[in-house]
Amino acid sequence: MSGTGDRGRPLAGVAWMLASGIAFVGVNGGVKHLGTDLPAAQSAFIRFAYGVLFFLPMLGPIWRKGFPAPVWRLFGWRGLLHVAAVVFWFHAMARVPVAEMSAIAFLNPVIVLVLAGLMLGEPLGMRRLLVVLAALAGAMIVLRPGFRAVTEGHLSQMAATLCFAVSYLFAKRLSQLAPPGVVVAMMSFSVTLGLLPLALWVWVPVDLNQMVWLGGVAGLATFGHYAMTRAFVAAPLTVTQPVTFLQILWSAALGALAFAEPVDPWVIAGGAVIIGAVSLNTWAEARRGLALAEAEAESVAP
């Protein structure tokens, strides 16, 4: 017997994660298509401004909710981190091949593992340490420093991945203090406000075609997050996590077909190492959680 929230529908979980991956690759393609005609801060501002239109009806109820000052500070710090992350990401997307962007982005959960140990006191342990080392090895395969130039675009994407990881930790804390919809809405509001002065500083004229493309990027990103959430509800991470590897393959295909970027087997191999390490850790954590749940059930059994 399976309900809508029991994570017992693996085929649905895989399907939703596939849809999420396609949407996020579409986001990458849309930003890549826009290129460098618009400054990164301006492109990011317009993209998030579309999101604000969606969440605008929530602004009044959020304000009347009366969260304590520490929660508002957390919202603010997360917004600042996300502002830096999206500016770095938009800057890198116009300068780095699509497949390399996807591969580097998969370091996000690995960075979260390390930062959780440093900031939240969660122990790394030998297994997690090996996962981190394997993922870093995968990143070196993708970047290959010393064998080719590591550009400012690569460094910008690494900075974006780090900022996104810290933002995730703030989101994890905020999820215990506010409803999920409020956390997402406040991210959109705070990031849009944070990007506004940066965008005005470098503002250039925007044509209708660019507005339409950025609207499409915003729509695909929103759907990608929605589909990912549905995947998490339908099936465990151990089922859905490996599906994310396909994003690198689709990114490589998009780069080759739409932007004439050569398919780099080293990027595919490095991405596979990173995702393999993350998936192995996800599987081990799930097994550990199941074992603890079974032990707790046995301890309270009559």
# chains A, B, ... in the order shown; residues from 1 in each chain; ligands from 1
$ residues_around --residues "Val183 (chain A)" --least-positions-apart "5" --cutoff "12 Å" --atoms "only C-alpha atoms" --output "MDAnalysis selection string"
chainID A and resid 55 58:59 62 67 71:72 74:76 78:79 167:168 170:178 188:190
$ residues_around --residues "Phe164 (chain A)" --least-positions-apart "2" --cutoff "10 Å" --atoms "only C-alpha atoms" --output "PyMOL selection string"
chain A and resi 78+81-86+89+105+108-109+111-112+158-162+166-170
$ atom_distance --atom1 "CA of Tyr50 (chain A)" --atom2 "CA of Gly13 (chain A)"
27.9 Å
$ residues_around --residues "region 239-256 of chain A" --least-positions-apart "2" --cutoff "7 Å" --atoms "only C-alpha atoms" --output "ChimeraX atom specification"
/A:10,13-14,17-18,21,25,97-99,102-103,231,235-237,258-263,268,272,275,279
$ closest_residue --among "A:Leu11, A:Val273, A:Leu34, A:Ala139" --to "Val217 (chain A)" --atoms "only C-alpha atoms"
A:Leu34
